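Source file: final-v5.pdb (PDB, C-alpha atoms, pLDDT in the B column)
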```pdb
ATOM      1  CA  MET A   1      27.612  14.463  19.775  1.00 42.00           C
ATOM      2  CA  THR A   2      25.059  13.958  17.032  1.00 43.00           C
ATOM      3  CA  GLU A   3      21.975  12.097  18.140  1.00 42.00           C
ATOM      4  CA  ALA A   4      20.907   9.101  16.065  1.00 41.00           C
ATOM      5  CA  LEU A   5      17.856   9.741  13.957  1.00 45.00           C
ATOM      6  CA  VAL A   6      14.931   7.464  14.774  1.00 48.00           C
ATOM      7  CA  ALA A   7      12.850   6.844  11.679  1.00 59.00           C
ATOM      8  CA  ASP A   8      10.420   4.331  10.241  1.00 66.00           C
ATOM      9  CA  PRO A   9       9.565   2.482  13.477  1.00 88.00           C
ATOM     10  CA  THR A  10       8.114  -0.963  12.878  1.00 93.00           C
ATOM     11  CA  ARG A  11       5.271  -2.814  14.553  1.00 94.00           C
ATOM     12  CA  THR A  12       4.073  -6.418  14.539  1.00 96.00           C
ATOM     13  CA  CYS A  13       0.632  -7.285  13.205  1.00 97.00           C
ATOM     14  CA  ILE A  14      -1.252  -9.105  15.956  1.00 97.00           C
ATOM     15  CA  LEU A  15      -2.766 -11.516  13.408  1.00 97.00           C
ATOM     16  CA  SER A  16      -0.053 -12.294  10.863  1.00 95.00           C
ATOM     17  CA  ARG A  17       2.863 -11.715  13.303  1.00 95.00           C
ATOM     18  CA  GLU A  18       4.697  -9.971  10.470  1.00 95.00           C
ATOM     19  CA  GLU A  19       6.649  -6.771  11.092  1.00 95.00           C
ATOM     20  CA  ALA A  20       6.129  -3.678   8.966  1.00 93.00           C
ATOM     21  CA  PRO A  21       6.609   0.100   9.219  1.00 92.00           C
ATOM     22  CA  ARG A  22       3.895   1.496  11.444  1.00 90.00           C
ATOM     23  CA  ASP A  23       2.809   3.999   8.783  1.00 88.00           C
ATOM     24  CA  GLY A  24       1.607   1.072   6.679  1.00 89.00           C
ATOM     25  CA  LEU A  25      -0.394  -0.586   9.469  1.00 95.00           C
ATOM     26  CA  VAL A  26      -3.602   0.304  11.281  1.00 97.00           C
ATOM     27  CA  ARG A  27      -3.641   0.935  15.004  1.00 97.00           C
ATOM     28  CA  LEU A  28      -6.618  -0.270  17.046  1.00 98.00           C
ATOM     29  CA  VAL A  29      -7.415   1.203  20.453  1.00 97.00           C
ATOM     30  CA  LEU A  30      -9.956   0.788  23.220  1.00 96.00           C
ATOM     31  CA  ALA A  31     -12.513   3.569  23.388  1.00 95.00           C
ATOM     32  CA  PRO A  32     -13.742   4.749  26.825  1.00 94.00           C
ATOM     33  CA  ASP A  33     -16.906   2.680  26.324  1.00 95.00           C
ATOM     34  CA  GLY A  34     -14.845  -0.484  25.735  1.00 96.00           C
ATOM     35  CA  ARG A  35     -15.281  -0.682  21.978  1.00 97.00           C
ATOM     36  CA  VAL A  36     -12.310  -1.503  19.739  1.00 98.00           C
ATOM     37  CA  LEU A  37     -11.966   1.323  17.227  1.00 97.00           C
ATOM     38  CA  PRO A  38      -9.452   2.302  14.532  1.00 97.00           C
ATOM     39  CA  ASP A  39      -6.892   5.002  15.260  1.00 97.00           C
ATOM     40  CA  VAL A  40      -5.461   5.368  11.752  1.00 96.00           C
ATOM     41  CA  ARG A  41      -3.330   8.394  12.635  1.00 94.00           C
ATOM     42  CA  ALA A  42      -1.986   6.691  15.771  1.00 94.00           C
ATOM     43  CA  LYS A  43      -2.743   9.722  17.926  1.00 93.00           C
ATOM     44  CA  ALA A  44      -5.024   8.278  20.602  1.00 94.00           C
ATOM     45  CA  PRO A  45      -3.523   7.740  24.060  1.00 91.00           C
ATOM     46  CA  GLY A  46      -3.160   4.375  25.694  1.00 89.00           C
ATOM     47  CA  ARG A  47      -2.162   0.936  24.580  1.00 89.00           C
ATOM     48  CA  GLY A  48      -2.744   0.005  20.950  1.00 95.00           C
ATOM     49  CA  ALA A  49      -2.748  -3.108  18.770  1.00 97.00           C
ATOM     50  CA  TRP A  50      -1.557  -3.083  15.171  1.00 97.00           C
ATOM     51  CA  ILE A  51      -3.239  -4.699  12.159  1.00 97.00           C
ATOM     52  CA  GLY A  52      -1.385  -5.371   8.923  1.00 96.00           C
ATOM     53  CA  VAL A  53      -3.821  -7.673   7.120  1.00 97.00           C
ATOM     54  CA  ASP A  54      -6.392  -6.634   4.536  1.00 96.00           C
ATOM     55  CA  ALA A  55     -10.135  -6.360   4.982  1.00 97.00           C
ATOM     56  CA  ALA A  56     -10.892  -9.903   3.844  1.00 96.00           C
ATOM     57  CA  ALA A  57      -8.345 -11.461   6.208  1.00 97.00           C
ATOM     58  CA  LEU A  58      -9.514  -9.290   9.085  1.00 98.00           C
ATOM     59  CA  ALA A  59     -13.155 -10.241   8.489  1.00 97.00           C
ATOM     60  CA  ALA A  60     -12.221 -13.921   8.439  1.00 97.00           C
ATOM     61  CA  ALA A  61     -10.211 -13.587  11.665  1.00 98.00           C
ATOM     62  CA  GLN A  62     -13.113 -11.806  13.324  1.00 97.00           C
ATOM     63  CA  ALA A  63     -15.604 -14.466  12.231  1.00 97.00           C
ATOM     64  CA  LYS A  64     -13.407 -17.272  13.583  1.00 97.00           C
ATOM     65  CA  GLY A  65     -12.720 -15.560  16.912  1.00 96.00           C
ATOM     66  CA  LYS A  66      -9.003 -15.184  16.190  1.00 98.00           C
ATOM     67  CA  LEU A  67      -9.176 -11.399  16.235  1.00 98.00           C
ATOM     68  CA  ARG A  68     -10.677 -11.297  19.695  1.00 97.00           C
ATOM     69  CA  GLY A  69      -7.991 -13.598  21.069  1.00 97.00           C
ATOM     70  CA  ALA A  70      -5.212 -11.521  19.507  1.00 98.00           C
ATOM     71  CA  LEU A  71      -6.730  -8.318  20.852  1.00 98.00           C
ATOM     72  CA  ALA A  72      -7.061  -9.792  24.343  1.00 97.00           C
ATOM     73  CA  ARG A  73      -3.335 -10.580  24.340  1.00 96.00           C
ATOM     74  CA  ALA A  74      -2.491  -7.131  22.999  1.00 96.00           C
ATOM     75  CA  PHE A  75      -4.650  -5.195  25.428  1.00 96.00           C
ATOM     76  CA  LYS A  76      -4.043  -7.644  28.302  1.00 95.00           C
ATOM     77  CA  THR A  77      -7.756  -7.754  29.015  1.00 95.00           C
ATOM     78  CA  GLY A  78     -10.868  -9.421  27.671  1.00 94.00           C
ATOM     79  CA  ASP A  79     -13.132  -6.586  28.767  1.00 95.00           C
ATOM     80  CA  PHE A  80     -13.880  -5.042  25.382  1.00 97.00           C
ATOM     81  CA  THR A  81     -16.353  -5.190  22.503  1.00 97.00           C
ATOM     82  CA  VAL A  82     -15.380  -5.716  18.868  1.00 98.00           C
ATOM     83  CA  PRO A  83     -17.944  -3.928  16.653  1.00 97.00           C
ATOM     84  CA  ASP A  84     -19.542  -6.127  14.025  1.00 97.00           C
ATOM     85  CA  ASP A  85     -18.693  -3.475  11.445  1.00 97.00           C
ATOM     86  CA  LEU A  86     -15.045  -3.029  12.465  1.00 98.00           C
ATOM     87  CA  VAL A  87     -13.837  -3.762   8.920  1.00 98.00           C
ATOM     88  CA  GLN A  88     -16.092  -1.071   7.515  1.00 97.00           C
ATOM     89  CA  LEU A  89     -15.040   1.379  10.245  1.00 98.00           C
ATOM     90  CA  ILE A  90     -11.375   0.889   9.364  1.00 98.00           C
ATOM     91  CA  ALA A  91     -12.016   1.241   5.624  1.00 97.00           C
ATOM     92  CA  ALA A  92     -13.997   4.435   6.201  1.00 97.00           C
ATOM     93  CA  ALA A  93     -11.289   5.877   8.456  1.00 97.00           C
ATOM     94  CA  LEU A  94      -8.550   5.119   5.922  1.00 97.00           C
ATOM     95  CA  GLU A  95     -10.634   6.629   3.127  1.00 96.00           C
ATOM     96  CA  ARG A  96     -11.224   9.763   5.185  1.00 96.00           C
ATOM     97  CA  ASN A  97      -7.513   9.989   5.977  1.00 96.00           C
ATOM     98  CA  ALA A  98      -6.624   9.731   2.276  1.00 96.00           C
ATOM     99  CA  LEU A  99      -9.170  12.351   1.268  1.00 96.00           C
ATOM    100  CA  ASP A 100      -8.028  14.654   4.055  1.00 96.00           C
ATOM    101  CA  ARG A 101      -4.487  14.384   2.713  1.00 96.00           C
ATOM    102  CA  LEU A 102      -5.737  15.146  -0.778  1.00 95.00           C
ATOM    103  CA  GLY A 103      -7.544  18.232   0.510  1.00 95.00           C
ATOM    104  CA  LEU A 104      -4.444  19.436   2.349  1.00 95.00           C
ATOM    105  CA  GLU A 105      -2.276  19.091  -0.731  1.00 95.00           C
ATOM    106  CA  ALA A 106      -4.883  20.914  -2.809  1.00 94.00           C
ATOM    107  CA  ARG A 107      -4.827  23.849  -0.417  1.00 94.00           C
ATOM    108  CA  SER A 108      -1.026  23.931  -0.587  1.00 94.00           C
ATOM    109  CA  GLY A 109      -1.211  24.682  -4.306  1.00 94.00           C
ATOM    110  CA  THR A 110       0.393  21.482  -5.611  1.00 94.00           C
ATOM    111  CA  VAL A 111      -2.796  19.943  -7.026  1.00 96.00           C
ATOM    112  CA  LEU A 112      -4.270  20.695 -10.433  1.00 96.00           C
ATOM    113  CA  THR A 113      -7.782  19.938 -11.670  1.00 96.00           C
ATOM    114  CA  GLY A 114      -9.206  20.219 -15.162  1.00 95.00           C
ATOM    115  CA  SER A 115      -8.030  18.220 -18.149  1.00 96.00           C
ATOM    116  CA  ASP A 116      -6.456  21.168 -19.956  1.00 97.00           C
ATOM    117  CA  ARG A 117      -4.337  22.316 -17.009  1.00 97.00           C
ATOM    118  CA  ILE A 118      -3.264  18.795 -16.132  1.00 97.00           C
ATOM    119  CA  GLY A 119      -2.437  17.970 -19.751  1.00 97.00           C
ATOM    120  CA  GLU A 120      -0.313  21.101 -20.083  1.00 97.00           C
ATOM    121  CA  ALA A 121       1.631  20.299 -16.908  1.00 97.00           C
ATOM    122  CA  ALA A 122       2.021  16.672 -17.995  1.00 97.00           C
ATOM    123  CA  ARG A 123       3.453  17.568 -21.399  1.00 96.00           C
ATOM    124  CA  ALA A 124       5.823  20.053 -19.732  1.00 97.00           C
ATOM    125  CA  GLY A 125       7.229  17.313 -17.507  1.00 96.00           C
ATOM    126  CA  LYS A 126       5.845  18.887 -14.334  1.00 96.00           C
ATOM    127  CA  LEU A 127       3.511  16.098 -13.281  1.00 96.00           C
ATOM    128  CA  HIS A 128       4.440  13.700 -10.477  1.00 96.00           C
ATOM    129  CA  ALA A 129       1.123  11.909  -9.934  1.00 96.00           C
ATOM    130  CA  LEU A 130      -2.137  11.525 -11.804  1.00 97.00           C
ATOM    131  CA  TYR A 131      -5.511  10.509 -10.365  1.00 97.00           C
ATOM    132  CA  HIS A 132      -8.928   9.907 -11.887  1.00 97.00           C
ATOM    133  CA  ALA A 133     -12.401   9.605 -10.401  1.00 97.00           C
ATOM    134  CA  ALA A 134     -13.912   6.139 -10.607  1.00 95.00           C
ATOM    135  CA  ASP A 135     -16.492   7.448 -13.075  1.00 96.00           C
ATOM    136  CA  ALA A 136     -14.001   9.310 -15.285  1.00 96.00           C
ATOM    137  CA  ALA A 137     -14.341   8.502 -18.986  1.00 96.00           C
ATOM    138  CA  GLU A 138     -11.770   6.090 -20.347  1.00 95.00           C
ATOM    139  CA  ASP A 139     -10.935   8.417 -23.242  1.00 96.00           C
ATOM    140  CA  GLY A 140     -10.087  11.268 -20.868  1.00 96.00           C
ATOM    141  CA  ARG A 141      -7.901   9.021 -18.735  1.00 96.00           C
ATOM    142  CA  ARG A 142      -6.093   7.716 -21.793  1.00 96.00           C
ATOM    143  CA  LYS A 143      -5.339  11.178 -23.200  1.00 96.00           C
ATOM    144  CA  LEU A 144      -3.902  12.470 -19.923  1.00 97.00           C
ATOM    145  CA  ALA A 145      -1.840   9.319 -19.439  1.00 96.00           C
ATOM    146  CA  GLN A 146      -0.376   9.746 -22.916  1.00 96.00           C
ATOM    147  CA  ALA A 147       0.488  13.393 -22.208  1.00 97.00           C
ATOM    148  CA  TRP A 148       2.197  12.298 -19.001  1.00 96.00           C
ATOM    149  CA  ARG A 149       4.258   9.679 -20.797  1.00 96.00           C
ATOM    150  CA  VAL A 150       5.330  12.216 -23.425  1.00 95.00           C
ATOM    151  CA  GLY A 151       6.316  14.819 -20.825  1.00 96.00           C
ATOM    152  CA  SER A 152       8.161  12.219 -18.769  1.00 94.00           C
ATOM    153  CA  ASP A 153       9.983  10.866 -21.837  1.00 94.00           C
ATOM    154  CA  ARG A 154       8.461   7.461 -21.151  1.00 93.00           C
ATOM    155  CA  GLU A 155       6.474   6.835 -24.299  1.00 90.00           C
ATOM    156  CA  GLY A 156       5.713   3.162 -24.789  1.00 89.00           C
ATOM    157  CA  SER A 157       5.755   2.485 -21.034  1.00 91.00           C
ATOM    158  CA  ASP A 158       2.763   1.524 -18.892  1.00 88.00           C
ATOM    159  CA  LEU A 159       2.865   4.806 -16.978  1.00 89.00           C
ATOM    160  CA  GLY A 160      -0.759   5.690 -16.372  1.00 88.00           C
ATOM    161  CA  GLY A 161      -2.747   7.087 -13.482  1.00 92.00           C
ATOM    162  CA  LEU A 162      -4.485   5.987 -10.329  1.00 91.00           C
ATOM    163  CA  VAL A 163      -8.189   5.330 -10.769  1.00 94.00           C
ATOM    164  CA  LEU A 164      -9.499   6.180  -7.339  1.00 94.00           C
ATOM    165  CA  PRO A 165     -12.241   3.963  -5.897  1.00 92.00           C
ATOM    166  CA  ILE A 166     -14.505   6.984  -5.426  1.00 93.00           C
ATOM    167  CA  PRO A 167     -16.663   8.995  -7.866  1.00 96.00           C
ATOM    168  CA  ARG A 168     -16.324  12.653  -8.785  1.00 96.00           C
ATOM    169  CA  PRO A 169     -18.827  14.053  -6.225  1.00 96.00           C
ATOM    170  CA  ILE A 170     -16.677  12.756  -3.345  1.00 95.00           C
ATOM    171  CA  LEU A 171     -13.474  14.042  -4.953  1.00 95.00           C
ATOM    172  CA  SER A 172     -15.092  17.416  -5.513  1.00 95.00           C
ATOM    173  CA  MET A 173     -16.117  17.595  -1.873  1.00 94.00           C
ATOM    174  CA  ALA A 174     -12.638  16.625  -0.657  1.00 94.00           C
ATOM    175  CA  LEU A 175     -10.986  19.350  -2.744  1.00 94.00           C
ATOM    176  CA  GLY A 176     -13.696  21.964  -2.255  1.00 92.00           C
ATOM    177  CA  ARG A 177     -14.028  22.346  -6.013  1.00 93.00           C
ATOM    178  CA  GLU A 178     -16.730  21.630  -8.548  1.00 93.00           C
ATOM    179  CA  ASN A 179     -16.831  18.599 -10.840  1.00 94.00           C
ATOM    180  CA  VAL A 180     -13.380  17.158 -10.093  1.00 96.00           C
ATOM    181  CA  VAL A 181     -12.783  14.314 -12.547  1.00 97.00           C
ATOM    182  CA  HIS A 182      -8.982  14.297 -12.921  1.00 97.00           C
ATOM    183  CA  ILE A 183      -6.273  15.392 -10.499  1.00 97.00           C
ATOM    184  CA  GLY A 184      -2.622  16.126 -11.210  1.00 97.00           C
ATOM    185  CA  VAL A 185       0.084  16.659  -8.598  1.00 97.00           C
ATOM    186  CA  THR A 186       3.011  18.909  -9.504  1.00 97.00           C
ATOM    187  CA  ASP A 187       5.180  18.430  -6.426  1.00 97.00           C
ATOM    188  CA  ARG A 188       7.255  15.292  -5.824  1.00 96.00           C
ATOM    189  CA  MET A 189       6.929  15.293  -2.044  1.00 97.00           C
ATOM    190  CA  ALA A 190       3.191  15.923  -2.220  1.00 96.00           C
ATOM    191  CA  ALA A 191       2.894  12.977  -4.620  1.00 96.00           C
ATOM    192  CA  GLY A 192       4.751  10.820  -2.100  1.00 96.00           C
ATOM    193  CA  ARG A 193       2.501  11.822   0.762  1.00 95.00           C
ATOM    194  CA  LEU A 194      -0.603  11.141  -1.289  1.00 95.00           C
ATOM    195  CA  SER A 195       0.755   7.801  -2.461  1.00 94.00           C
ATOM    196  CA  ASP A 196       1.357   6.738   1.153  1.00 94.00           C
ATOM    197  CA  ALA A 197      -2.182   7.587   2.254  1.00 95.00           C
ATOM    198  CA  LEU A 198      -3.874   6.125  -0.809  1.00 95.00           C
ATOM    199  CA  ASP A 199      -1.796   2.941  -0.857  1.00 93.00           C
ATOM    200  CA  ARG A 200      -2.497   2.306   2.808  1.00 94.00           C
ATOM    201  CA  TRP A 201      -6.237   2.586   2.212  1.00 95.00           C
ATOM    202  CA  ARG A 202      -6.236   0.487  -0.957  1.00 93.00           C
ATOM    203  CA  ARG A 203      -4.047  -2.243   0.509  1.00 93.00           C
ATOM    204  CA  PHE A 204      -6.610  -2.659   3.250  1.00 96.00           C
ATOM    205  CA  ILE A 205      -9.758  -2.673   1.132  1.00 94.00           C
ATOM    206  CA  GLY A 206      -8.144  -5.010  -1.411  1.00 86.00           C
ATOM    207  CA  PRO A 207      -9.585  -6.042  -4.763  1.00 70.00           C
ATOM    208  CA  ASP A 208     -12.833  -7.492  -3.403  1.00 50.00           C
ATOM    209  CA  PRO A 209     -15.713  -5.081  -4.145  1.00 40.00           C
ATOM    210  CA  ALA A 210     -17.738  -6.792  -1.415  1.00 42.00           C
ATOM    211  CA  GLU A 211     -15.330  -5.295   1.125  1.00 39.00           C
ATOM    212  CA  ALA A 212     -14.769  -1.909  -0.514  1.00 38.00           C
ATOM    213  CA  ARG A 213     -14.155  -0.121  -3.778  1.00 37.00           C
ATOM    214  CA  GLN A 214     -11.064  -0.531  -5.920  1.00 32.00           C
ATOM    215  CA  GLY A 215      -8.801   0.948  -8.653  1.00 32.00           C
ATOM    216  CA  ASP A 216      -5.414   0.595 -10.363  1.00 34.00           C
ATOM    217  CA  ALA A 217      -2.353   2.704  -9.623  1.00 34.00           C
ATOM    218  CA  LEU A 218       0.779   4.018 -11.244  1.00 36.00           C
ATOM    219  CA  THR A 219       2.786   7.168 -10.513  1.00 36.00           C
ATOM    220  CA  ASP A 220       5.948   8.340 -12.193  1.00 39.00           C
ATOM    221  CA  ASP A 221       8.204   7.929  -9.169  1.00 36.00           C
ATOM    222  CA  LEU A 222       6.145   5.693  -6.896  1.00 33.00           C
ATOM    223  CA  ILE A 223       4.339   2.560  -8.066  1.00 30.00           C
ATOM    224  CA  ALA A 224       1.160   2.241  -6.032  1.00 32.00           C
ATOM    225  CA  ALA A 225       0.503  -1.085  -4.361  1.00 31.00           C
ATOM    226  CA  PRO A 226      -2.915  -2.821  -4.156  1.00 31.00           C
ATOM    227  CA  CYS A 227      -4.685   1.643  -2.696  1.00 32.00           C
ATOM    228  CA  ALA A 228     -14.283  14.638   3.028  1.00 31.00           C
ATOM    229  CA  THR A 229     -13.091  16.603   5.482  1.00 32.00           C
ATOM    230  CA  ALA A 230      -9.984  18.619   6.192  1.00 31.00           C
ATOM    231  CA  ALA A 231      -7.469  17.310   8.740  1.00 34.00           C
ATOM    232  CA  GLN A 232      -3.849  16.190   8.953  1.00 32.00           C
ATOM    233  CA  GLY A 233      -3.121  13.052   6.926  1.00 32.00           C
ATOM    234  CA  ALA A 234      -0.122  10.797   6.342  1.00 31.00           C
ATOM    235  CA  SER A 235       3.404  12.090   6.726  1.00 29.00           C
ATOM    236  CA  ALA A 236       5.931  12.516   3.943  1.00 28.00           C
ATOM    237  CA  PRO A 237       8.065   9.524   2.981  1.00 27.00           C
ATOM    238  CA  ASP A 238      11.843   9.592   2.878  1.00 28.00           C
ATOM    239  CA  LEU A 239      12.608  10.155  -0.798  1.00 23.00           C
ATOM    240  CA  SER A 240      16.326  10.688  -0.299  1.00 25.00           C
ATOM    241  CA  GLY A 241      17.180   7.024  -0.823  1.00 26.00           C
ATOM    242  CA  HIS A 242      19.038   6.854   2.504  1.00 26.00           C
ATOM    243  CA  GLU A 243      18.429   4.110   5.045  1.00 27.00           C
ATOM    244  CA  PRO A 244      17.149   5.309   8.429  1.00 26.00           C
ATOM    245  CA  ALA A 245      19.879   5.690  11.022  1.00 24.00           C
ATOM    246  CA  VAL A 246      17.888   3.722  13.578  1.00 25.00           C
ATOM    247  CA  THR A 247      14.930   1.392  13.200  1.00 24.00           C
ATOM    248  CA  THR A 248      12.831   0.861  16.298  1.00 25.00           C
ATOM    249  CA  HIS A 249      10.401  -1.958  16.935  1.00 27.00           C
ATOM    250  CA  GLU A 250       7.484  -2.268  19.309  1.00 32.00           C
ATOM    251  CA  GLU A 251       4.581  -4.632  19.074  1.00 35.00           C
ATOM    252  CA  PHE A 252       2.187  -2.432  20.996  1.00 37.00           C
ATOM    253  CA  GLU A 253       2.095   1.262  21.802  1.00 46.00           C
TER
END
```

Can the structure from this file be put into structure tokens for me?
Amino acid sequence: MTEALVADPTRTCILSREEAPRDGLVRLVLAPDGRVLPDVRAKAPGRGAWIGVDAAALAAAQAKGKLRGALARAFKTGDFTVPDDLVQLIAAALERNALDRLGLEARSGTVLTGSDRIGEAARAGKLHALYHAADAAEDGRRKLAQAWRVGSDREGSDLGGLVLPIPRPILSMALGRENVVHIGVTDRMAAGRLSDALDRWRRFIGPDPAEARQGDALTDDLIAAPCATAAQGASAPDLSGHEPAVTTHEEFE
């Protein structure tokens, strides 16, 4: 007998009460010292609480005491401390997770840097995602976007690239290369994994620069929603178009 495949488990945000796939939420856990800390890779043991709101909504809930009440119900205890900078801790953890994923994909050989190499791959129809540093020149971004549209047979469309909310020194550090201004991804699955990690980060930080940095996103196969060390990042999405055989749901884990 074939076992049912369990995929895309969902969780309920403790603040909005909305359900969503767990890979798009942020898990909070209790540290041994009683502090509430982010567990963005959902690897820490013990009971967790899931957050699906953005930074601004989380900050408002924390200021009004709603976050503490929701966490007390989730953890079934009031014996914990919510750090004043929890929003910033989550944003930093999601940024690190996204950059880790970028570094992993670079080491796998699916990431190109340098305008000439990226432009050549784009015109040849081999590009699946395009990223730019926050301080990349507009002219350089425009030329690569045009090459991508030509190679993808999508001239006249709004296909562009993701302007990452980080400057070139941070990108260079994440990839272990010098002066990284533009990044091209030549593998479809790698582009999907990167999109997942970047979208998750950017959805949380939102468009408010007071909470975190921002950018605009477009990929050829995946439209990004409002998105430096080496470690395992987000998992690959299901690009087959098939619905999961089984969807599981838990509020806490």

For CA of Asp54 (chain A) and CA of Gly103 (chain A), determine how far apart the two atoms are, in Å to one decimal place.
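The value is 25.2 Å.
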
Name the residues that the PyMOL selection byres ((chain A and resi 74-76) around 7) pulls out of this structure, and write them as a PyMOL selection string.
chain A and resi 47+49+70-73+77+252

Evaluate the PyMOL selection byres ((chain A and resi 144-149) around 10) and record the selected residues as a PyMOL selection string, following the chain and residue labels used in the document.
chain A and resi 115-116+118-132+139-143+150-161+182+184+219-220

C-alpha atoms of the current selection, written as an mmCIF file, in the coordinates of the input:
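Result saved to again.cif:
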```cif
data_model
loop_
_atom_site.group_PDB
_atom_site.id
_atom_site.type_symbol
_atom_site.label_atom_id
_atom_site.label_comp_id
_atom_site.auth_asym_id
_atom_site.auth_seq_id
_atom_site.Cartn_x
_atom_site.Cartn_y
_atom_site.Cartn_z
ATOM 1 C CA SER A 115 -8.030 18.220 -18.149
ATOM 2 C CA ASP A 116 -6.456 21.168 -19.956
ATOM 3 C CA ILE A 118 -3.264 18.795 -16.132
ATOM 4 C CA GLY A 119 -2.437 17.970 -19.751
ATOM 5 C CA GLU A 120 -0.313 21.101 -20.083
ATOM 6 C CA ALA A 121 1.631 20.299 -16.908
ATOM 7 C CA ALA A 122 2.021 16.672 -17.995
ATOM 8 C CA ARG A 123 3.453 17.568 -21.399
ATOM 9 C CA ALA A 124 5.823 20.053 -19.732
ATOM 10 C CA GLY A 125 7.229 17.313 -17.507
ATOM 11 C CA LYS A 126 5.845 18.887 -14.334
ATOM 12 C CA LEU A 127 3.511 16.098 -13.281
ATOM 13 C CA HIS A 128 4.440 13.700 -10.477
ATOM 14 C CA ALA A 129 1.123 11.909 -9.934
ATOM 15 C CA LEU A 130 -2.137 11.525 -11.804
ATOM 16 C CA TYR A 131 -5.511 10.509 -10.365
ATOM 17 C CA HIS A 132 -8.928 9.907 -11.887
ATOM 18 C CA ASP A 139 -10.935 8.417 -23.242
ATOM 19 C CA GLY A 140 -10.087 11.268 -20.868
ATOM 20 C CA ARG A 141 -7.901 9.021 -18.735
ATOM 21 C CA ARG A 142 -6.093 7.716 -21.793
ATOM 22 C CA LYS A 143 -5.339 11.178 -23.200
ATOM 23 C CA VAL A 150 5.330 12.216 -23.425
ATOM 24 C CA GLY A 151 6.316 14.819 -20.825
ATOM 25 C CA SER A 152 8.161 12.219 -18.769
ATOM 26 C CA ASP A 153 9.983 10.866 -21.837
ATOM 27 C CA ARG A 154 8.461 7.461 -21.151
ATOM 28 C CA GLU A 155 6.474 6.835 -24.299
ATOM 29 C CA GLY A 156 5.713 3.162 -24.789
ATOM 30 C CA SER A 157 5.755 2.485 -21.034
ATOM 31 C CA ASP A 158 2.763 1.524 -18.892
ATOM 32 C CA LEU A 159 2.865 4.806 -16.978
ATOM 33 C CA GLY A 160 -0.759 5.690 -16.372
ATOM 34 C CA GLY A 161 -2.747 7.087 -13.482
ATOM 35 C CA HIS A 182 -8.982 14.297 -12.921
ATOM 36 C CA GLY A 184 -2.622 16.126 -11.210
ATOM 37 C CA THR A 219 2.786 7.168 -10.513
ATOM 38 C CA ASP A 220 5.948 8.340 -12.193
#
```

Contacts between region 21-27 of chain A and region 103-211 of chain A, please, where a residue of region 103-211 of chain A counts if it comes within 10 Å (with all atoms listed in the file); show its shortest atom pair and distance in Å to one decimal, rows by chain and ascending number, as JSON lines.
```
{"residue": "A:Asp196", "atom": "CA", "partner": "A:Gly24", "partner_atom": "CA", "distance": 7.9}
{"residue": "A:Ala197", "atom": "CA", "partner": "A:Gly24", "partner_atom": "CA", "distance": 8.7}
{"residue": "A:Asp199", "atom": "CA", "partner": "A:Gly24", "partner_atom": "CA", "distance": 8.5}
{"residue": "A:Arg200", "atom": "CA", "partner": "A:Gly24", "partner_atom": "CA", "distance": 5.8}
{"residue": "A:Trp201", "atom": "CA", "partner": "A:Gly24", "partner_atom": "CA", "distance": 9.2}
{"residue": "A:Arg203", "atom": "CA", "partner": "A:Gly24", "partner_atom": "CA", "distance": 9.0}
{"residue": "A:Phe204", "atom": "CA", "partner": "A:Leu25", "partner_atom": "CA", "distance": 9.0}
```

Please write the residues from the selection above to a file, keeping C-alpha atoms, as an mmCIF file, keeping the file's coordinate frame.
```
data_model
loop_
_atom_site.group_PDB
_atom_site.id
_atom_site.type_symbol
_atom_site.label_atom_id
_atom_site.label_comp_id
_atom_site.auth_asym_id
_atom_site.auth_seq_id
_atom_site.Cartn_x
_atom_site.Cartn_y
_atom_site.Cartn_z
ATOM 1 C CA ASP A 196 1.357 6.738 1.153
ATOM 2 C CA ALA A 197 -2.182 7.587 2.254
ATOM 3 C CA ASP A 199 -1.796 2.941 -0.857
ATOM 4 C CA ARG A 200 -2.497 2.306 2.808
ATOM 5 C CA TRP A 201 -6.237 2.586 2.212
ATOM 6 C CA ARG A 203 -4.047 -2.243 0.509
ATOM 7 C CA PHE A 204 -6.610 -2.659 3.250
#
```

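Take CA of Leu194 (chain A) and CA of Ile170 (chain A): the distance between them is 16.3 Å.
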
Ranking A:Gly114, A:Asp85, A:Arg68, A:Ile205 by minimum distance to Ser172 (chain A) and counting only C-alpha atoms, which one comes first?
A:Gly114

With distances taken over only C-alpha atoms, which of A:Val180, A:Ala133, A:Leu99, A:Val36 is nearest to Phe80 (chain A)?
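Of all the options, A:Val36 lies closest to Phe80 (chain A).
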
To one decimal place, how far is CA of Ala56 (chain A) from CA of Val87 (chain A) in Å?
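Atom-to-atom, CA of Ala56 (chain A) and CA of Val87 (chain A) are spaced 8.5 Å apart.
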
Can you patch up region 101-106 of chain A, filling it in to N, CA and C atoms, and show the result as a CSV table (one decimal), in the coordinates of the input?
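Generated file (part35.csv):
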```csv
chain,number,residue,atom,x,y,z
A,101,ARG,N,-5.8,14.1,3.3
A,101,ARG,CA,-4.5,14.4,2.7
A,101,ARG,C,-4.6,15.0,1.3
A,102,LEU,N,-5.5,14.6,0.5
A,102,LEU,CA,-5.7,15.1,-0.8
A,102,LEU,C,-6.2,16.6,-0.7
A,103,GLY,N,-7.1,16.9,0.3
A,103,GLY,CA,-7.5,18.2,0.5
A,103,GLY,C,-6.4,19.1,1.0
A,104,LEU,N,-5.6,18.6,1.9
A,104,LEU,CA,-4.4,19.4,2.3
A,104,LEU,C,-3.5,19.8,1.2
A,105,GLU,N,-3.2,18.8,0.4
A,105,GLU,CA,-2.3,19.1,-0.7
A,105,GLU,C,-2.9,20.1,-1.7
A,106,ALA,N,-4.2,20.0,-1.9
A,106,ALA,CA,-4.9,20.9,-2.8
A,106,ALA,C,-4.8,22.3,-2.3
```
